[in-house]
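Engineer: Pasting a structure here, questions to come.
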Amino acid sequence: MTSTFFTYNKGKVIQALRYHFITRKEIKIMMILVNVFAIVAAALFFMKEVSAVSFLLSSFLWFALMISFWFLLPLIIYKKSDTFKDKFKATLGAENFTIENERGSRKWPWTAFTTSMESPHFFHLYFDTRSFFIIPKDAFKAEDLHEARRILSTKIRH
């Protein structure tokens with residue numbers, strides 16, 4: 001199954017990168033710990049156990065981390081990657097996944113991927129926990145989207 005040529009929409013890519021970060025185990029744990037820390041700091045402040053300055057510093061830490069994971073990190077990665085500025089066509093073959101543009105193509109056997117994930121606008125194909133490729137769902141015709149899901153779920157072992 002071959003997609004149409006596609007380009008990446010900046011807003012959708014940033015949302016996909018957010019999904020990537022939020023699904024990472026280490027980031028989930030850190031966000032939970034930071035939220036628990038913020039709740040404990042608020043409780044201690046209201047019980048008059050810590051000063052207002054301590055509470056404000058912990059609140060600033062919470063805001064800084066949330067802003068960095070939600071806005072800064074996806075934007076930095078988007079700007080650093082030339083991939084998101086190119087035009088591609090993806091082929092979901094029987095033995096391989098192929099991506100091509102006007103300069104050439106690259107082929108990976110399905111065994112090169114460790115897992116896949118679906119977000120609202122993309123299929124995420126992971127080589128490992130940090131390296132992945134995203135394919136826009138709108139690169140496929142509406143009637144081919146279900147077939148693309150089936151191929152990815154059968155070819156990439158979760």
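By convention in this document, the chains of the structure tokens carry letters A, B, ... by their order, each chain's residues are numbered from 1, and ligands are numbered from 1 in the order they are shown.
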Quick one: everything within 8 Å of Tyr8 in chain A, counting only C-alpha atoms, minus sequence neighbours fewer than 6 positions away in the same chain. Send it as a list in words.

Structural biologist: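 These residues fall inside the cut-off: Phe84, Lys85, Asp86, Lys87 and Pro136 of chain A.
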
Engineer: Create the file for the chosen residues now, containing N, CA, C and O atoms and written as a PDB file, in the first residue's frame.

Structural biologist:
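Dumped everything to again.pdb:
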ATOM      1  N   PHE A  84      10.852  17.413   8.488  1.00  0.00           N
ATOM      2  CA  PHE A  84       9.502  17.954   8.507  1.00  0.00           C
ATOM      3  C   PHE A  84       9.258  19.004   7.418  1.00  0.00           C
ATOM      4  O   PHE A  84       8.146  19.457   7.234  1.00  0.00           O
ATOM      5  N   LYS A  85      10.305  19.400   6.718  1.00  0.00           N
ATOM      6  CA  LYS A  85      10.158  20.407   5.668  1.00  0.00           C
ATOM      7  C   LYS A  85      10.148  19.783   4.270  1.00  0.00           C
ATOM      8  O   LYS A  85      10.048  20.476   3.281  1.00  0.00           O
ATOM      9  N   ASP A  86      10.261  18.464   4.196  1.00  0.00           N
ATOM     10  CA  ASP A  86      10.371  17.759   2.923  1.00  0.00           C
ATOM     11  C   ASP A  86       9.028  17.150   2.514  1.00  0.00           C
ATOM     12  O   ASP A  86       8.077  17.126   3.289  1.00  0.00           O
ATOM     13  N   LYS A  87       8.975  16.630   1.294  1.00  0.00           N
ATOM     14  CA  LYS A  87       7.777  16.003   0.740  1.00  0.00           C
ATOM     15  C   LYS A  87       8.090  14.517   0.534  1.00  0.00           C
ATOM     16  O   LYS A  87       9.098  14.173  -0.089  1.00  0.00           O
ATOM     17  N   PRO A 136       1.756  10.871   8.349  1.00  0.00           N
ATOM     18  CA  PRO A 136       0.430  11.488   8.523  1.00  0.00           C
ATOM     19  C   PRO A 136      -0.675  10.547   8.037  1.00  0.00           C
ATOM     20  O   PRO A 136      -0.554   9.905   7.005  1.00  0.00           O
TER      21      PRO A 136
END

Engineer: Within 12 Å of Ile99 in chain A, counting only C-alpha atoms, which residues show up once you throw out same-chain ones fewer than 2 positions away? Write them as a list in words, please.

Structural biologist: Met1, Thr2, Ser3, Thr4, Phe5, Phe6, Thr83, Asp86, Lys87, Phe88, Lys89, Ala90, Thr91, Leu92, Gly93, Asn96, Phe97, Asn101, Glu102, Arg103, Gly104, Ser105, Arg106, Lys107, Trp108, Pro109, Phe133, Ile134 and Ile135 of chain A

Engineer: To one decimal place in Å, what is the distance between CA of Leu44 in chain A and CA of Leu57 in chain A?

Structural biologist: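 So the answer is 13.3 Å.
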
Engineer: Between CA of Thr129 in chain A and CA of Glu95 in chain A, what is the spacing in Å?

Structural biologist: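 For CA of Glu95 in chain A relative to CA of Thr129 in chain A, the distance reads 22.4 Å.
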
Engineer: From a DSSP pass on the backbone, collect the residues of range 71-107 of chain A flagged as strand (DSSP E or B) and hand them back as a PyMOL selection string.

Structural biologist: chain A and resi 88-92+96-101+104-107

Engineer: Excluding range 112-115 of chain A and its own-chain neighbours fewer than 2 positions away, which residues fall within 8 Å of it when counting only C-alpha atoms? Please give them as a list in words.

Structural biologist: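 Listing them by chain and then by number gives Trp108, Pro109, Trp110, Met117, Leu125, Tyr126, Phe127, Asp128, Ile156, Arg157 and His158 of chain A.
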
Engineer: I need the chosen residues saved as a tab-separated table (two decimals), in the first residue's frame, with N, CA, C and O atoms.

Structural biologist:
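Contents of out28.tsv, freshly written:
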chain	number	residue	atom	x	y	z
A	108	TRP	N	13.31	0.01	5.07
A	108	TRP	CA	13.61	-0.69	6.32
A	108	TRP	C	12.78	-1.97	6.36
A	108	TRP	O	11.58	-1.92	6.05
A	109	PRO	N	13.35	-3.07	6.80
A	109	PRO	CA	12.53	-4.26	7.02
A	109	PRO	C	11.63	-3.99	8.24
A	109	PRO	O	11.98	-3.20	9.12
A	110	TRP	N	10.48	-4.63	8.26
A	110	TRP	CA	9.55	-4.41	9.37
A	110	TRP	C	10.20	-4.77	10.71
A	110	TRP	O	9.83	-4.19	11.74
A	117	MET	N	2.66	3.36	17.28
A	117	MET	CA	1.63	4.02	18.08
A	117	MET	C	0.82	4.88	17.12
A	117	MET	O	1.33	5.35	16.10
A	125	LEU	N	6.14	5.20	14.01
A	125	LEU	CA	6.87	3.94	13.85
A	125	LEU	C	8.20	4.09	14.58
A	125	LEU	O	9.05	4.89	14.20
A	126	TYR	N	8.39	3.30	15.64
A	126	TYR	CA	9.56	3.43	16.51
A	126	TYR	C	10.65	2.43	16.16
A	126	TYR	O	10.40	1.23	16.09
A	127	PHE	N	11.87	2.96	16.00
A	127	PHE	CA	13.06	2.11	15.86
A	127	PHE	C	13.53	1.68	17.26
A	127	PHE	O	13.97	0.58	17.47
A	128	ASP	N	13.46	2.62	18.19
A	128	ASP	CA	13.74	2.39	19.61
A	128	ASP	C	12.94	3.43	20.38
A	128	ASP	O	12.11	4.12	19.80
A	156	ILE	N	4.44	-4.89	12.77
A	156	ILE	CA	5.27	-4.39	13.87
A	156	ILE	C	4.73	-4.99	15.17
A	156	ILE	O	3.63	-4.73	15.58
A	157	ARG	N	5.56	-5.81	15.77
A	157	ARG	CA	5.16	-6.49	17.02
A	157	ARG	C	5.25	-5.50	18.18
A	157	ARG	O	6.23	-4.80	18.34
A	158	HIS	N	4.22	-5.44	18.98
A	158	HIS	CA	4.16	-4.50	20.10
A	158	HIS	C	4.72	-5.14	21.34
A	158	HIS	O	4.50	-6.18	21.75

Engineer: Just want the 12 Å neighbourhood of Ile22 in chain A, counted on only C-alpha atoms, with same-chain residues fewer than 4 positions away dropped. Output as an mmCIF file with N, CA and C atoms, in the first residue's frame.

Structural biologist:
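The resulting file, around39.cif, is reproduced below:
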data_model
loop_
_atom_site.group_PDB
_atom_site.id
_atom_site.type_symbol
_atom_site.label_atom_id
_atom_site.label_comp_id
_atom_site.auth_asym_id
_atom_site.auth_seq_id
_atom_site.Cartn_x
_atom_site.Cartn_y
_atom_site.Cartn_z
ATOM 1 N N GLN A 15 1.955 18.527 17.851
ATOM 2 C CA GLN A 15 1.047 17.719 18.659
ATOM 3 C C GLN A 15 1.530 16.265 18.711
ATOM 4 N N ALA A 16 2.003 15.729 17.598
ATOM 5 C CA ALA A 16 2.518 14.356 17.579
ATOM 6 C C ALA A 16 3.748 14.225 18.459
ATOM 7 N N LEU A 17 4.606 15.232 18.459
ATOM 8 C CA LEU A 17 5.782 15.195 19.331
ATOM 9 C C LEU A 17 5.368 15.239 20.799
ATOM 10 N N ARG A 18 4.321 15.984 21.108
ATOM 11 C CA ARG A 18 3.799 15.994 22.483
ATOM 12 C C ARG A 18 3.328 14.598 22.874
ATOM 13 N N GLU A 26 9.762 7.621 31.363
ATOM 14 C CA GLU A 26 10.536 8.502 32.242
ATOM 15 C C GLU A 26 9.898 9.879 32.373
ATOM 16 N N ILE A 27 9.274 10.364 31.314
ATOM 17 C CA ILE A 27 8.622 11.673 31.374
ATOM 18 C C ILE A 27 7.324 11.579 32.171
ATOM 19 N N LYS A 28 6.597 10.474 32.004
ATOM 20 C CA LYS A 28 5.386 10.275 32.811
ATOM 21 C C LYS A 28 5.724 10.290 34.293
ATOM 22 N N ILE A 29 6.769 9.548 34.668
ATOM 23 C CA ILE A 29 7.172 9.479 36.074
ATOM 24 C C ILE A 29 7.577 10.852 36.590
ATOM 25 N N MET A 30 8.380 11.578 35.790
ATOM 26 C CA MET A 30 8.816 12.897 36.220
ATOM 27 C C MET A 30 7.631 13.845 36.366
ATOM 28 N N MET A 31 6.673 13.798 35.429
ATOM 29 C CA MET A 31 5.514 14.679 35.522
ATOM 30 C C MET A 31 4.659 14.352 36.745
ATOM 31 N N ILE A 32 4.519 13.073 37.034
ATOM 32 C CA ILE A 32 3.767 12.674 38.228
ATOM 33 C C ILE A 32 4.466 13.190 39.485
ATOM 34 N N MET A 66 6.292 22.133 32.853
ATOM 35 C CA MET A 66 5.134 21.913 31.985
ATOM 36 C C MET A 66 5.283 22.678 30.669
ATOM 37 N N PHE A 69 7.981 20.863 28.449
ATOM 38 C CA PHE A 69 7.535 19.620 27.821
ATOM 39 C C PHE A 69 6.395 19.837 26.830
ATOM 40 N N TRP A 70 5.557 20.813 27.080
ATOM 41 C CA TRP A 70 4.395 20.995 26.226
ATOM 42 C C TRP A 70 4.678 21.902 25.027
ATOM 43 N N LEU A 73 10.149 21.876 24.053
ATOM 44 C CA LEU A 73 10.801 20.670 23.528
ATOM 45 C C LEU A 73 10.258 20.259 22.156
ATOM 46 N N PRO A 74 8.936 20.172 21.951
ATOM 47 C CA PRO A 74 8.445 19.847 20.607
ATOM 48 C C PRO A 74 8.848 20.881 19.553
ATOM 49 N N SER A 119 -1.534 8.312 16.946
ATOM 50 C CA SER A 119 -2.030 9.527 17.587
ATOM 51 C C SER A 119 -3.123 10.102 16.678
#

Engineer: For Asn35 in chain A, which of A:Ser51, A:Thr23, A:Ser116, A:Ser58 is the closest residue, counting only C-alpha atoms?

Structural biologist: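 The closest residue to Asn35 in chain A is A:Ser58.
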
Engineer: Please measure the separation of CA of His20 in chain A and CA of Glu100 in chain A, giving the value in Å to one decimal.

Structural biologist: 23.3 Å

Engineer: Please identify the helix (DSSP H, G or I) residues within chain A (assignment by DSSP from backbone atoms) and present them as a ChimeraX atom specification.

Structural biologist: /A:10-23,25-46,52-80,82-85,110-112,137-139,142-155

Engineer: Just the residues within 12 Å of Phe55 in chain A, please, counting only C-alpha atoms, with nothing from its chain fewer than 3 positions along; format it as an mmCIF file with N, CA, C and O atoms, in the first residue's frame.

Structural biologist:
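Result saved to out.cif:
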data_model
loop_
_atom_site.group_PDB
_atom_site.id
_atom_site.type_symbol
_atom_site.label_atom_id
_atom_site.label_comp_id
_atom_site.auth_asym_id
_atom_site.auth_seq_id
_atom_site.Cartn_x
_atom_site.Cartn_y
_atom_site.Cartn_z
ATOM 1 N N PHE A 37 4.784 16.895 43.950
ATOM 2 C CA PHE A 37 5.562 17.919 44.647
ATOM 3 C C PHE A 37 4.784 19.234 44.729
ATOM 4 O O PHE A 37 4.735 19.878 45.783
ATOM 5 N N ALA A 38 4.140 19.631 43.623
ATOM 6 C CA ALA A 38 3.363 20.878 43.608
ATOM 7 C C ALA A 38 2.173 20.796 44.563
ATOM 8 O O ALA A 38 1.874 21.766 45.270
ATOM 9 N N ILE A 39 1.506 19.657 44.599
ATOM 10 C CA ILE A 39 0.362 19.482 45.513
ATOM 11 C C ILE A 39 0.814 19.525 46.963
ATOM 12 O O ILE A 39 0.186 20.178 47.806
ATOM 13 N N VAL A 40 1.911 18.839 47.262
ATOM 14 C CA VAL A 40 2.448 18.849 48.628
ATOM 15 C C VAL A 40 2.878 20.260 49.010
ATOM 16 O O VAL A 40 2.607 20.720 50.131
ATOM 17 N N ALA A 41 3.529 20.972 48.090
ATOM 18 C CA ALA A 41 3.951 22.351 48.374
ATOM 19 C C ALA A 41 2.737 23.231 48.661
ATOM 20 O O ALA A 41 2.769 24.052 49.585
ATOM 21 N N ALA A 42 1.666 23.067 47.866
ATOM 22 C CA ALA A 42 0.453 23.864 48.090
ATOM 23 C C ALA A 42 -0.167 23.525 49.447
ATOM 24 O O ALA A 42 -0.576 24.424 50.187
ATOM 25 N N ALA A 43 -0.227 22.252 49.763
ATOM 26 C CA ALA A 43 -0.800 21.841 51.061
ATOM 27 C C ALA A 43 0.028 22.395 52.219
ATOM 28 O O ALA A 43 -0.532 22.913 53.200
ATOM 29 N N LEU A 44 1.347 22.300 52.107
ATOM 30 C CA LEU A 44 2.204 22.831 53.170
ATOM 31 C C LEU A 44 2.079 24.349 53.289
ATOM 32 O O LEU A 44 2.121 24.896 54.395
ATOM 33 N N PHE A 45 1.916 25.020 52.172
ATOM 34 C CA PHE A 45 1.743 26.470 52.209
ATOM 35 C C PHE A 45 0.440 26.837 52.908
ATOM 36 O O PHE A 45 0.412 27.742 53.753
ATOM 37 N N PHE A 46 -0.647 26.152 52.580
ATOM 38 C CA PHE A 46 -1.934 26.456 53.199
ATOM 39 C C PHE A 46 -1.972 26.065 54.665
ATOM 40 O O PHE A 46 -2.732 26.634 55.442
ATOM 41 N N MET A 47 -1.137 25.115 55.069
ATOM 42 C CA MET A 47 -1.044 24.737 56.491
ATOM 43 C C MET A 47 -0.013 25.598 57.216
ATOM 44 O O MET A 47 0.302 25.361 58.373
ATOM 45 N N LYS A 48 0.552 26.581 56.505
ATOM 46 C CA LYS A 48 1.536 27.526 57.049
ATOM 47 C C LYS A 48 2.828 26.833 57.494
ATOM 48 O O LYS A 48 3.495 27.281 58.414
ATOM 49 N N GLU A 49 3.194 25.741 56.802
ATOM 50 C CA GLU A 49 4.428 25.020 57.113
ATOM 51 C C GLU A 49 5.613 25.520 56.274
ATOM 52 O O GLU A 49 6.753 25.312 56.643
ATOM 53 N N VAL A 50 5.309 26.128 55.124
ATOM 54 C CA VAL A 50 6.372 26.693 54.291
ATOM 55 C C VAL A 50 6.016 28.136 53.963
ATOM 56 O O VAL A 50 4.843 28.529 53.987
ATOM 57 N N SER A 51 7.025 28.894 53.626
ATOM 58 C CA SER A 51 6.808 30.313 53.324
ATOM 59 C C SER A 51 6.240 30.481 51.917
ATOM 60 O O SER A 51 6.276 29.573 51.089
ATOM 61 N N ALA A 52 5.762 31.691 51.666
ATOM 62 C CA ALA A 52 5.210 32.008 50.354
ATOM 63 C C ALA A 52 6.292 31.921 49.272
ATOM 64 O O ALA A 52 6.023 31.497 48.153
ATOM 65 N N SER A 58 8.368 26.615 44.048
ATOM 66 C CA SER A 58 7.903 25.299 43.595
ATOM 67 C C SER A 58 6.879 25.449 42.478
ATOM 68 O O SER A 58 6.860 24.654 41.537
ATOM 69 N N SER A 59 6.041 26.473 42.550
ATOM 70 C CA SER A 59 5.077 26.728 41.474
ATOM 71 C C SER A 59 5.795 27.111 40.185
ATOM 72 O O SER A 59 5.422 26.656 39.102
ATOM 73 N N PHE A 60 6.837 27.937 40.298
ATOM 74 C CA PHE A 60 7.627 28.307 39.130
ATOM 75 C C PHE A 60 8.274 27.072 38.506
ATOM 76 O O PHE A 60 8.277 26.927 37.277
ATOM 77 N N LEU A 61 8.786 26.167 39.319
ATOM 78 C CA LEU A 61 9.380 24.926 38.825
ATOM 79 C C LEU A 61 8.335 24.113 38.058
ATOM 80 O O LEU A 61 8.602 23.605 36.968
ATOM 81 N N TRP A 62 7.133 24.004 38.611
ATOM 82 C CA TRP A 62 6.059 23.251 37.951
ATOM 83 C C TRP A 62 5.731 23.877 36.593
ATOM 84 O O TRP A 62 5.657 23.182 35.589
#
